[in-house]
file coords_19.cif (mmCIF, C-alpha atoms and all ligand atoms)
data_model
#
loop_
_atom_site.label_atom_id
_atom_site.label_comp_id
_atom_site.auth_asym_id
_atom_site.auth_seq_id
_atom_site.Cartn_x
_atom_site.Cartn_y
_atom_site.Cartn_z
CA MET H 100 128.68 126.21 19.63
CA ALA H 101 130.09 129.35 21.15
CA GLY H 102 132.27 130.38 24.07
CA PHE H 103 133.26 127.75 26.63
CA ASP H 104 131.08 125.10 24.94
CA ASP H 105 133.16 125.34 21.76
CA PRO H 106 136.01 122.76 22.01
CA ALA H 107 138.34 125.18 20.16
CA PHE H 108 137.59 128.15 22.44
CA TYR H 109 140.28 127.69 25.09
CA GLY H 110 143.08 126.99 22.62
CA ASP H 111 142.11 129.76 20.23
CA ARG H 112 142.09 132.30 23.06
CA TRP H 113 145.32 131.08 24.67
CA ALA H 114 147.50 130.07 21.69
CA GLY H 115 149.29 133.44 21.45
CA VAL H 116 150.43 133.46 25.08
CA TYR H 117 150.27 129.80 26.16
CA ASP H 118 154.00 129.05 26.01
CA GLU H 119 154.88 132.36 27.65
CA HIS H 120 152.48 131.63 30.54
CA HIS H 121 153.59 128.03 31.03
CA GLY H 122 157.27 128.29 30.11
CA GLY H 123 158.25 127.75 33.75
CA MET H 124 156.80 124.23 33.85
CA ASP H 125 159.48 121.55 33.48
CA PRO H 126 158.03 118.61 31.46
CA SER H 127 160.96 116.25 32.09
CA ALA H 128 159.40 114.13 34.88
CA ALA H 129 156.21 113.65 32.80
CA VAL H 130 158.28 112.74 29.75
CA GLU H 131 160.28 110.20 31.77
CA PHE H 132 157.09 108.63 33.18
CA LEU H 133 155.33 108.46 29.80
CA ALA H 134 158.41 107.15 27.97
CA GLY H 135 158.57 104.33 30.52
CA LEU H 136 155.01 103.26 29.61
CA ALA H 137 155.26 103.85 25.86
CA GLY H 138 157.23 100.79 24.79
CA ASP H 139 157.52 100.52 21.02
CA GLY H 140 153.83 101.12 20.29
CA ARG H 141 151.92 104.12 19.00
CA VAL H 142 151.25 106.86 21.54
CA LEU H 143 148.46 109.45 21.42
CA GLU H 144 148.33 112.75 23.31
CA LEU H 145 144.81 114.13 23.65
CA ALA H 146 144.84 117.95 23.71
CA ILE H 147 148.43 118.01 22.48
CA GLY H 148 148.48 121.82 22.40
CA THR H 149 151.79 123.44 21.52
CA GLY H 150 153.70 120.21 22.15
CA ARG H 151 155.03 121.09 25.62
CA VAL H 152 155.29 117.37 26.47
CA ALA H 153 154.83 115.68 23.06
CA LEU H 154 157.93 117.28 21.52
CA PRO H 155 160.43 116.18 24.20
CA LEU H 156 158.74 112.76 24.23
CA ALA H 157 159.15 112.46 20.44
CA ARG H 158 162.82 113.47 20.83
CA ARG H 159 163.19 110.39 23.08
CA GLY H 160 162.23 108.25 20.07
CA VAL H 161 158.58 107.70 21.07
CA THR H 162 156.08 107.69 18.15
CA VAL H 163 153.67 110.40 19.31
CA GLU H 164 150.49 111.48 17.55
CA GLY H 165 147.99 114.06 18.73
CA VAL H 166 144.44 115.36 18.81
CA ASP H 167 143.55 118.97 19.55
CA ALA H 168 140.48 121.08 18.87
CA SER H 169 142.40 124.31 18.23
CA GLU H 170 144.11 124.99 14.89
CA ALA H 171 145.83 127.95 16.55
CA MET H 172 147.48 125.79 19.24
CA VAL H 173 148.58 123.23 16.66
CA ALA H 174 150.05 126.02 14.49
CA ARG H 175 152.33 126.87 17.46
CA LEU H 176 153.36 123.21 17.67
CA ARG H 177 154.04 123.10 13.93
CA ALA H 178 156.30 126.17 14.14
CA LYS H 179 158.70 124.41 16.54
CA PRO H 180 161.59 122.14 15.49
CA GLY H 181 160.18 118.62 15.05
CA GLY H 182 156.61 119.87 15.34
CA GLU H 183 155.85 119.33 11.67
CA ARG H 184 156.65 115.61 12.01
CA ILE H 185 153.98 114.88 14.67
CA PRO H 186 150.66 113.80 13.07
CA VAL H 187 147.80 115.79 14.62
CA VAL H 188 144.07 115.49 13.94
CA ILE H 189 141.93 118.54 14.68
CA GLY H 190 138.92 117.36 16.65
CA ASP H 191 137.20 116.84 19.98
CA MET H 192 138.99 114.76 22.62
CA ALA H 193 135.64 113.50 23.92
CA GLN H 194 135.25 111.72 20.58
CA VAL H 195 138.94 110.85 19.91
CA PRO H 196 138.59 111.09 16.11
CA VAL H 197 141.47 108.73 15.20
CA ASP H 198 141.90 105.02 14.63
CA GLY H 199 143.87 102.85 17.08
CA PRO H 200 145.27 100.73 18.35
CA PHE H 201 147.50 102.75 20.67
CA GLY H 202 149.61 101.30 23.46
CA LEU H 203 149.41 104.55 25.42
CA VAL H 204 147.00 107.48 25.40
CA TYR H 205 147.59 110.43 27.75
CA LEU H 206 145.65 113.56 28.72
CA ILE H 207 147.52 115.76 31.15
CA PHE H 208 147.65 119.13 32.91
CA ASN H 209 144.02 118.93 34.13
CA THR H 210 142.75 119.08 30.55
CA LEU H 211 140.17 116.30 31.04
CA PHE H 212 138.36 118.88 33.21
CA GLY H 213 138.07 121.11 30.14
CA LEU H 214 135.18 118.82 29.15
CA LEU H 215 132.46 120.67 30.99
CA SER H 216 130.06 117.88 31.98
CA GLN H 217 130.27 114.43 33.49
CA HIS H 218 128.70 113.13 30.30
CA ARG H 219 131.50 114.59 28.10
CA GLN H 220 134.21 113.28 30.44
CA ALA H 221 132.64 109.80 30.42
CA ASP H 222 132.51 109.99 26.60
CA CYS H 223 136.24 110.67 26.60
CA PHE H 224 136.98 107.55 28.69
CA ARG H 225 134.79 105.47 26.36
CA SER H 226 136.48 106.88 23.26
CA VAL H 227 139.93 106.22 24.69
CA ALA H 228 138.98 102.62 25.53
CA ARG H 229 137.93 102.22 21.87
CA VAL H 230 141.38 103.19 20.52
CA LEU H 231 143.53 101.41 23.14
CA GLY H 232 144.99 98.05 22.22
CA PRO H 233 144.72 95.13 24.71
CA GLY H 234 146.83 95.97 27.79
CA GLY H 235 147.09 99.59 26.66
CA ALA H 236 147.32 102.41 29.21
CA PHE H 237 145.43 105.69 29.61
CA VAL H 238 147.27 108.24 31.77
CA ILE H 239 145.62 111.34 33.17
CA GLU H 240 147.02 114.13 35.32
CA CYS H 241 144.40 116.05 37.31
CA PHE H 242 144.28 118.28 40.37
CA VAL H 243 142.43 117.10 43.47
CA PRO H 244 139.57 119.58 44.00
CA ASP H 245 140.22 121.94 46.94
CA LEU H 246 137.01 123.77 47.71
CA SER H 247 138.65 125.67 50.56
CA ARG H 248 140.14 127.91 47.85
CA PHE H 249 136.74 129.56 47.49
CA ASP H 250 134.99 131.94 49.85
CA ARG H 251 131.21 132.03 49.20
CA GLY H 252 131.74 130.74 45.68
CA GLN H 253 134.45 133.13 44.58
CA ARG H 254 138.20 133.78 44.71
CA VAL H 255 140.49 136.61 43.66
CA GLN H 256 144.21 135.89 43.68
CA ALA H 257 147.27 138.03 42.87
CA VAL H 258 149.17 135.61 40.62
CA ALA H 259 152.11 137.88 39.75
CA VAL H 260 153.08 141.48 40.32
CA THR H 261 156.06 143.11 38.60
CA GLU H 262 157.32 146.66 38.01
CA ASP H 263 155.17 146.82 34.86
CA SER H 264 152.23 144.47 35.30
CA ALA H 265 149.86 142.68 37.63
CA THR H 266 148.25 139.32 36.91
CA LEU H 267 145.08 138.39 38.78
CA GLU H 268 143.02 135.20 38.76
CA VAL H 269 139.32 135.88 39.26
CA SER H 270 137.11 132.80 39.72
CA ARG H 271 133.54 131.75 40.44
CA HIS H 272 132.77 128.28 41.78
CA ASP H 273 129.49 126.44 41.18
CA ALA H 274 129.39 123.49 43.59
CA ALA H 275 126.29 121.94 42.00
CA LEU H 276 127.90 121.83 38.56
CA GLN H 277 131.41 121.12 39.96
CA ARG H 278 132.48 123.98 37.76
CA VAL H 279 135.03 126.77 38.14
CA THR H 280 134.97 129.68 35.70
CA SER H 281 138.00 131.97 35.73
CA GLN H 282 139.67 134.87 34.01
CA ILE H 283 143.46 135.21 34.25
CA ILE H 284 143.72 138.99 33.90
CA THR H 285 146.96 140.80 33.11
CA LEU H 286 147.07 144.57 33.47
CA ASP H 287 150.03 146.34 31.87
CA ALA H 288 150.90 149.40 29.80
CA GLN H 289 149.28 147.81 26.74
CA GLY H 290 145.95 147.42 28.53
CA VAL H 291 143.87 144.57 29.94
CA HIS H 292 144.44 141.00 28.69
CA LEU H 293 141.84 138.31 29.48
CA GLY H 294 142.62 134.58 29.67
CA PRO H 295 139.32 132.70 30.06
CA VAL H 296 139.31 129.18 31.58
CA ALA H 297 136.36 126.95 32.50
CA LEU H 298 136.78 123.60 34.25
CA ARG H 299 134.39 120.92 35.45
CA TYR H 300 136.38 119.14 38.18
CA SER H 301 135.88 115.50 39.15
CA TRP H 302 136.98 113.64 42.26
CA PRO H 303 139.40 110.74 41.81
CA GLY H 304 136.71 108.20 42.72
CA GLU H 305 134.35 109.70 40.14
CA LEU H 306 137.04 109.37 37.48
CA ASP H 307 137.57 105.73 38.46
CA LEU H 308 133.85 105.05 37.99
CA MET H 309 133.87 106.66 34.54
CA ALA H 310 136.89 104.55 33.66
CA ALA H 311 135.26 101.36 34.95
CA ALA H 312 132.11 102.09 32.94
CA ALA H 313 134.36 102.32 29.87
CA GLY H 314 136.06 98.99 30.64
CA LEU H 315 139.26 100.51 32.06
CA ARG H 316 140.66 99.61 35.48
CA LEU H 317 142.83 101.74 37.72
CA ALA H 318 146.31 100.22 37.59
CA GLY H 319 148.23 102.91 39.48
CA ARG H 320 147.80 106.32 41.09
CA TYR H 321 150.64 108.62 42.11
CA GLY H 322 150.89 112.01 43.74
CA ASP H 323 153.12 113.34 40.96
CA TRP H 324 155.14 112.35 37.90
CA ASP H 325 158.01 111.16 40.13
CA GLU H 326 155.65 108.45 41.42
CA ARG H 327 155.46 109.76 44.97
CA PRO H 328 152.60 108.03 46.83
CA PHE H 329 149.13 109.49 46.39
CA GLY H 330 147.41 110.32 49.70
CA SER H 331 145.22 112.72 51.63
CA ALA H 332 147.73 115.56 51.29
CA SER H 333 148.15 115.16 47.52
CA VAL H 334 147.12 118.19 45.50
CA LYS H 335 147.06 116.25 42.25
CA HIS H 336 147.19 112.73 40.89
CA VAL H 337 148.72 110.95 37.96
CA SER H 338 146.49 107.96 37.29
CA VAL H 339 147.12 105.01 35.01
CA TYR H 340 144.13 103.07 33.69
CA ARG H 341 144.51 99.85 31.75
CA ARG H 342 142.42 98.05 29.18
CA ASP H 343 142.58 94.30 29.90
C1 LIG H 401 145.98 123.43 29.05
S1 LIG H 401 146.27 123.10 27.35
C2 LIG H 401 147.24 121.62 27.47
C3 LIG H 401 148.17 121.43 26.30
C4 LIG H 401 149.22 120.35 26.49
N1 LIG H 401 148.59 119.05 26.70
C5 LIG H 401 150.12 120.69 27.67
O1 LIG H 401 150.16 119.91 28.61
O2 LIG H 401 150.78 121.73 27.61
C6 LIG H 401 144.70 122.51 26.83
C7 LIG H 401 144.63 122.08 25.40
O3 LIG H 401 143.42 121.36 25.25
C8 LIG H 401 142.85 121.68 24.00
N2 LIG H 401 141.42 121.37 24.10
C9 LIG H 401 140.51 121.93 24.93
N3 LIG H 401 139.31 121.34 24.78
C10 LIG H 401 139.47 120.38 23.84
C11 LIG H 401 138.60 119.42 23.25
N4 LIG H 401 137.30 119.31 23.62
N5 LIG H 401 139.11 118.56 22.34
C12 LIG H 401 140.41 118.63 21.97
N6 LIG H 401 141.28 119.54 22.47
C13 LIG H 401 140.81 120.39 23.41
C14 LIG H 401 143.18 123.13 23.80
O4 LIG H 401 143.07 123.54 22.46
C15 LIG H 401 144.61 123.17 24.35
O5 LIG H 401 145.53 122.90 23.35
#

call {"tool": "encode", "arguments": {"input": "coords_19.cif", "output": "structure tokens", "more": "lines below"}}
Ligand SMILES: C[S@@+](CC[C@H](N)C(=O)[O-])C[C@H]1O[C@@H](n2cnc3c(N)ncnc32)[C@H](O)[C@@H]1O
result
Amino acid sequence: MAGFDDPAFYGDRWAGVYDEHHGGMDPSAAVEFLAGLAGDGRVLELAIGTGRVALPLARRGVTVEGVDASEAMVARLRAKPGGERIPVVIGDMAQVPVDGPFGLVYLIFNTLFGLLSQHRQADCFRSVARVLGPGGAFVIECFVPDLSRFDRGQRVQAVAVTEDSATLEVSRHDAALQRVTSQIITLDAQGVHLGPVALRYSWPGELDLMAAAAGLRLAGRYGDWDERPFGSASVKHVSVYRRD
């Protein structure tokens, strides 16, 4: 497999700059929410990355394990205090290559959409259901698709402009495939830096159907990690699925 179809592609391309790009995101509300569901059981983060959420969750005393396809991302996790103590399996989150049972599995920051077909996303739900114990929870955080962002299937956005650099997001949208392909492009004195991202978005109702087909039922849906109500104006959702 090559390019976007390679599960390791995103992480390998982003590992060097991931924390720098996302350092402004405060994980505390997500950590609070997940700690509340974790109980005393084992917890698994799919696509654990550099440990942005797993590390503060582990510092709360939660037993977190991880799966990620990218050795490079996991190397960044390992280099952080406490990172070497989190067990991580390198593999594909659609397959969830670990043994359960887990009381909580979570897959956040839109990363489910990194699986680029409905089939792969449905596989992920099925694999999660396999490793969840009875009553266990699967939490996902996903954006609500907003097709008004695109004008005739494309969008160019000035993400950041400073004295020394400009960062642009350049995207193409394929409505038939529900797929957005982007480059986050930074121009500075060192040259041009490309950050490739491909996503296959799903609507909340489509996700619920995939979950139901895997034997998981929607137990709660919120507009954010602070549990504000989800509604028509919500730009994202935090959804909790349960295995009965
Ligand atoms: C946007 S980052 C999210 C990292 C972390 N969960 C966070 O919230 O900061 C996406 C992560 O998903 C991983 N990833 C992408 N596709 C994957 C796949 N098919 N299986 C496992 N990990 C994958 C990447 O390597 C990367 O670490």

call {"tool": "residues_around", "arguments": {"input": "coords_19.cif", "residues": "region 132-137 of chain H", "least_positions_apart": "3", "cutoff": "7 Å", "atoms": "all atoms listed in the file", "output": "count of residues only"}}
result
9

call {"tool": "closest_atom_pairs", "arguments": {"input": "coords_19.cif", "of": "chain H", "to": "ligand LIG 401 (chain H)", "cutoff": "8 Å", "atoms": "all atoms listed in the file", "output": "JSON lines"}}
result
{"residue": "H:Asp105", "atom": "CA", "partner": "H:LIG401", "partner_atom": "N4", "distance": 7.5}
{"residue": "H:Pro106", "atom": "CA", "partner": "H:LIG401", "partner_atom": "N4", "distance": 4.0}
{"residue": "H:Ala107", "atom": "CA", "partner": "H:LIG401", "partner_atom": "O4", "distance": 5.5}
{"residue": "H:Phe108", "atom": "CA", "partner": "H:LIG401", "partner_atom": "O4", "distance": 7.2}
{"residue": "H:Tyr109", "atom": "CA", "partner": "H:LIG401", "partner_atom": "C14", "distance": 5.6}
{"residue": "H:Gly110", "atom": "CA", "partner": "H:LIG401", "partner_atom": "O4", "distance": 3.5}
{"residue": "H:Asp111", "atom": "CA", "partner": "H:LIG401", "partner_atom": "O4", "distance": 6.7}
{"residue": "H:Trp113", "atom": "CA", "partner": "H:LIG401", "partner_atom": "C15", "distance": 7.9}
{"residue": "H:Ala114", "atom": "CA", "partner": "H:LIG401", "partner_atom": "O5", "distance": 7.6}
{"residue": "H:Tyr117", "atom": "CA", "partner": "H:LIG401", "partner_atom": "S1", "distance": 7.9}
{"residue": "H:His121", "atom": "CA", "partner": "H:LIG401", "partner_atom": "O2", "distance": 7.7}
{"residue": "H:Glu144", "atom": "CA", "partner": "H:LIG401", "partner_atom": "N1", "distance": 7.2}
{"residue": "H:Leu145", "atom": "CA", "partner": "H:LIG401", "partner_atom": "C12", "distance": 6.5}
{"residue": "H:Ala146", "atom": "CA", "partner": "H:LIG401", "partner_atom": "O3", "distance": 4.0}
{"residue": "H:Ile147", "atom": "CA", "partner": "H:LIG401", "partner_atom": "N1", "distance": 4.3}
{"residue": "H:Gly148", "atom": "CA", "partner": "H:LIG401", "partner_atom": "O5", "distance": 3.3}
{"residue": "H:Thr149", "atom": "CA", "partner": "H:LIG401", "partner_atom": "C3", "distance": 6.3}
{"residue": "H:Gly150", "atom": "CA", "partner": "H:LIG401", "partner_atom": "C4", "distance": 6.2}
{"residue": "H:Arg151", "atom": "CA", "partner": "H:LIG401", "partner_atom": "O2", "distance": 4.7}
{"residue": "H:Val152", "atom": "CA", "partner": "H:LIG401", "partner_atom": "O1", "distance": 6.1}
{"residue": "H:Ala153", "atom": "CA", "partner": "H:LIG401", "partner_atom": "N1", "distance": 8.0}
{"residue": "H:Val166", "atom": "CA", "partner": "H:LIG401", "partner_atom": "C12", "distance": 6.1}
{"residue": "H:Asp167", "atom": "CA", "partner": "H:LIG401", "partner_atom": "N6", "distance": 3.7}
{"residue": "H:Ala168", "atom": "CA", "partner": "H:LIG401", "partner_atom": "C12", "distance": 4.0}
{"residue": "H:Ser169", "atom": "CA", "partner": "H:LIG401", "partner_atom": "O4", "distance": 4.4}
{"residue": "H:Glu170", "atom": "CA", "partner": "H:LIG401", "partner_atom": "O4", "distance": 7.8}
{"residue": "H:Ala171", "atom": "CA", "partner": "H:LIG401", "partner_atom": "O4", "distance": 7.9}
{"residue": "H:Met172", "atom": "CA", "partner": "H:LIG401", "partner_atom": "O5", "distance": 5.4}
{"residue": "H:Val173", "atom": "CA", "partner": "H:LIG401", "partner_atom": "O5", "distance": 7.4}
{"residue": "H:Ile189", "atom": "CA", "partner": "H:LIG401", "partner_atom": "C12", "distance": 7.4}
{"residue": "H:Gly190", "atom": "CA", "partner": "H:LIG401", "partner_atom": "C12", "distance": 5.7}
{"residue": "H:Asp191", "atom": "CA", "partner": "H:LIG401", "partner_atom": "N5", "distance": 3.5}
{"residue": "H:Met192", "atom": "CA", "partner": "H:LIG401", "partner_atom": "N5", "distance": 3.8}
{"residue": "H:Ala193", "atom": "CA", "partner": "H:LIG401", "partner_atom": "N4", "distance": 6.0}
{"residue": "H:Leu206", "atom": "CA", "partner": "H:LIG401", "partner_atom": "N1", "distance": 6.5}
{"residue": "H:Ile207", "atom": "CA", "partner": "H:LIG401", "partner_atom": "O1", "distance": 5.5}
{"residue": "H:Phe208", "atom": "CA", "partner": "H:LIG401", "partner_atom": "O1", "distance": 5.0}
{"residue": "H:Asn209", "atom": "CA", "partner": "H:LIG401", "partner_atom": "C1", "distance": 7.1}
{"residue": "H:Thr210", "atom": "CA", "partner": "H:LIG401", "partner_atom": "C6", "distance": 5.4}
{"residue": "H:Gly213", "atom": "CA", "partner": "H:LIG401", "partner_atom": "N3", "distance": 5.5}
{"residue": "H:Leu214", "atom": "CA", "partner": "H:LIG401", "partner_atom": "N4", "distance": 5.9}

call {"tool": "residues_around", "arguments": {"input": "coords_19.cif", "residues": "region 288-303 of chain H", "least_positions_apart": "3", "cutoff": "6 Å", "atoms": "all atoms listed in the file", "output": "PyMOL selection string"}}
result
chain H and resi 212-213+215+277-285+306

call {"tool": "atom_distance", "arguments": {"input": "coords_19.cif", "atom1": "CA of Val230 (chain H)", "atom2": "CA of Val243 (chain H)"}}
result
26.9 Å

call {"tool": "atom_distance", "arguments": {"input": "coords_19.cif", "atom1": "CA of Arg175 (chain H)", "atom2": "CA of Glu131 (chain H)"}}
result
23.4 Å

call {"tool": "closest_residue", "arguments": {"input": "coords_19.cif", "among": "H:Tyr340, H:Glu268, H:Gly181, H:Leu276", "to": "Leu308 (chain H)", "atoms": "only C-alpha atoms"}}
result
H:Tyr340

call {"tool": "atom_distance", "arguments": {"input": "coords_19.cif", "atom1": "CA of Arg271 (chain H)", "atom2": "CA of Gln220 (chain H)"}}
result
21.0 Å

call {"tool": "closest_residue", "arguments": {"input": "coords_19.cif", "among": "H:Met124, H:Val334, H:Met100, H:Ala310", "to": "Gln217 (chain H)", "atoms": "all atoms listed in the file"}}
result
H:Ala310

call {"tool": "closest_residue", "arguments": {"input": "coords_19.cif", "among": "H:Lys335, H:Asp343, H:Arg225, H:Pro180", "to": "Gln194 (chain H)", "atoms": "only C-alpha atoms"}}
result
H:Arg225

call {"tool": "residues_near_point", "arguments": {"input": "coords_19.cif", "point": "(149.5, 114.3, 8.6)", "cutoff": "12 Å", "atoms": "all atoms listed in the file", "output": "mmCIF file with C-alpha atoms, in the frame of the given file"}}
result
data_model
loop_
_atom_site.group_PDB
_atom_site.id
_atom_site.type_symbol
_atom_site.label_atom_id
_atom_site.label_comp_id
_atom_site.auth_asym_id
_atom_site.auth_seq_id
_atom_site.Cartn_x
_atom_site.Cartn_y
_atom_site.Cartn_z
ATOM 1 C CA GLU H 164 150.490 111.480 17.550
ATOM 2 C CA GLY H 165 147.990 114.060 18.730
ATOM 3 C CA VAL H 166 144.440 115.360 18.810
ATOM 4 C CA ARG H 177 154.040 123.100 13.930
ATOM 5 C CA GLY H 182 156.610 119.870 15.340
ATOM 6 C CA GLU H 183 155.850 119.330 11.670
ATOM 7 C CA ARG H 184 156.650 115.610 12.010
ATOM 8 C CA ILE H 185 153.980 114.880 14.670
ATOM 9 C CA PRO H 186 150.660 113.800 13.070
ATOM 10 C CA VAL H 187 147.800 115.790 14.620
ATOM 11 C CA VAL H 188 144.070 115.490 13.940
ATOM 12 C CA ILE H 189 141.930 118.540 14.680
ATOM 13 C CA VAL H 197 141.470 108.730 15.200
#

call {"tool": "closest_residue", "arguments": {"input": "coords_19.cif", "among": "H:Val204, H:Val116, H:Leu143, H:Val269", "to": "Phe237 (chain H)", "atoms": "all atoms listed in the file"}}
result
H:Val204

call {"tool": "closest_residue", "arguments": {"input": "coords_19.cif", "among": "H:Arg316, H:Leu211, H:Arg219, H:Arg141", "to": "Asp104 (chain H)", "atoms": "all atoms listed in the file"}}
result
H:Arg219
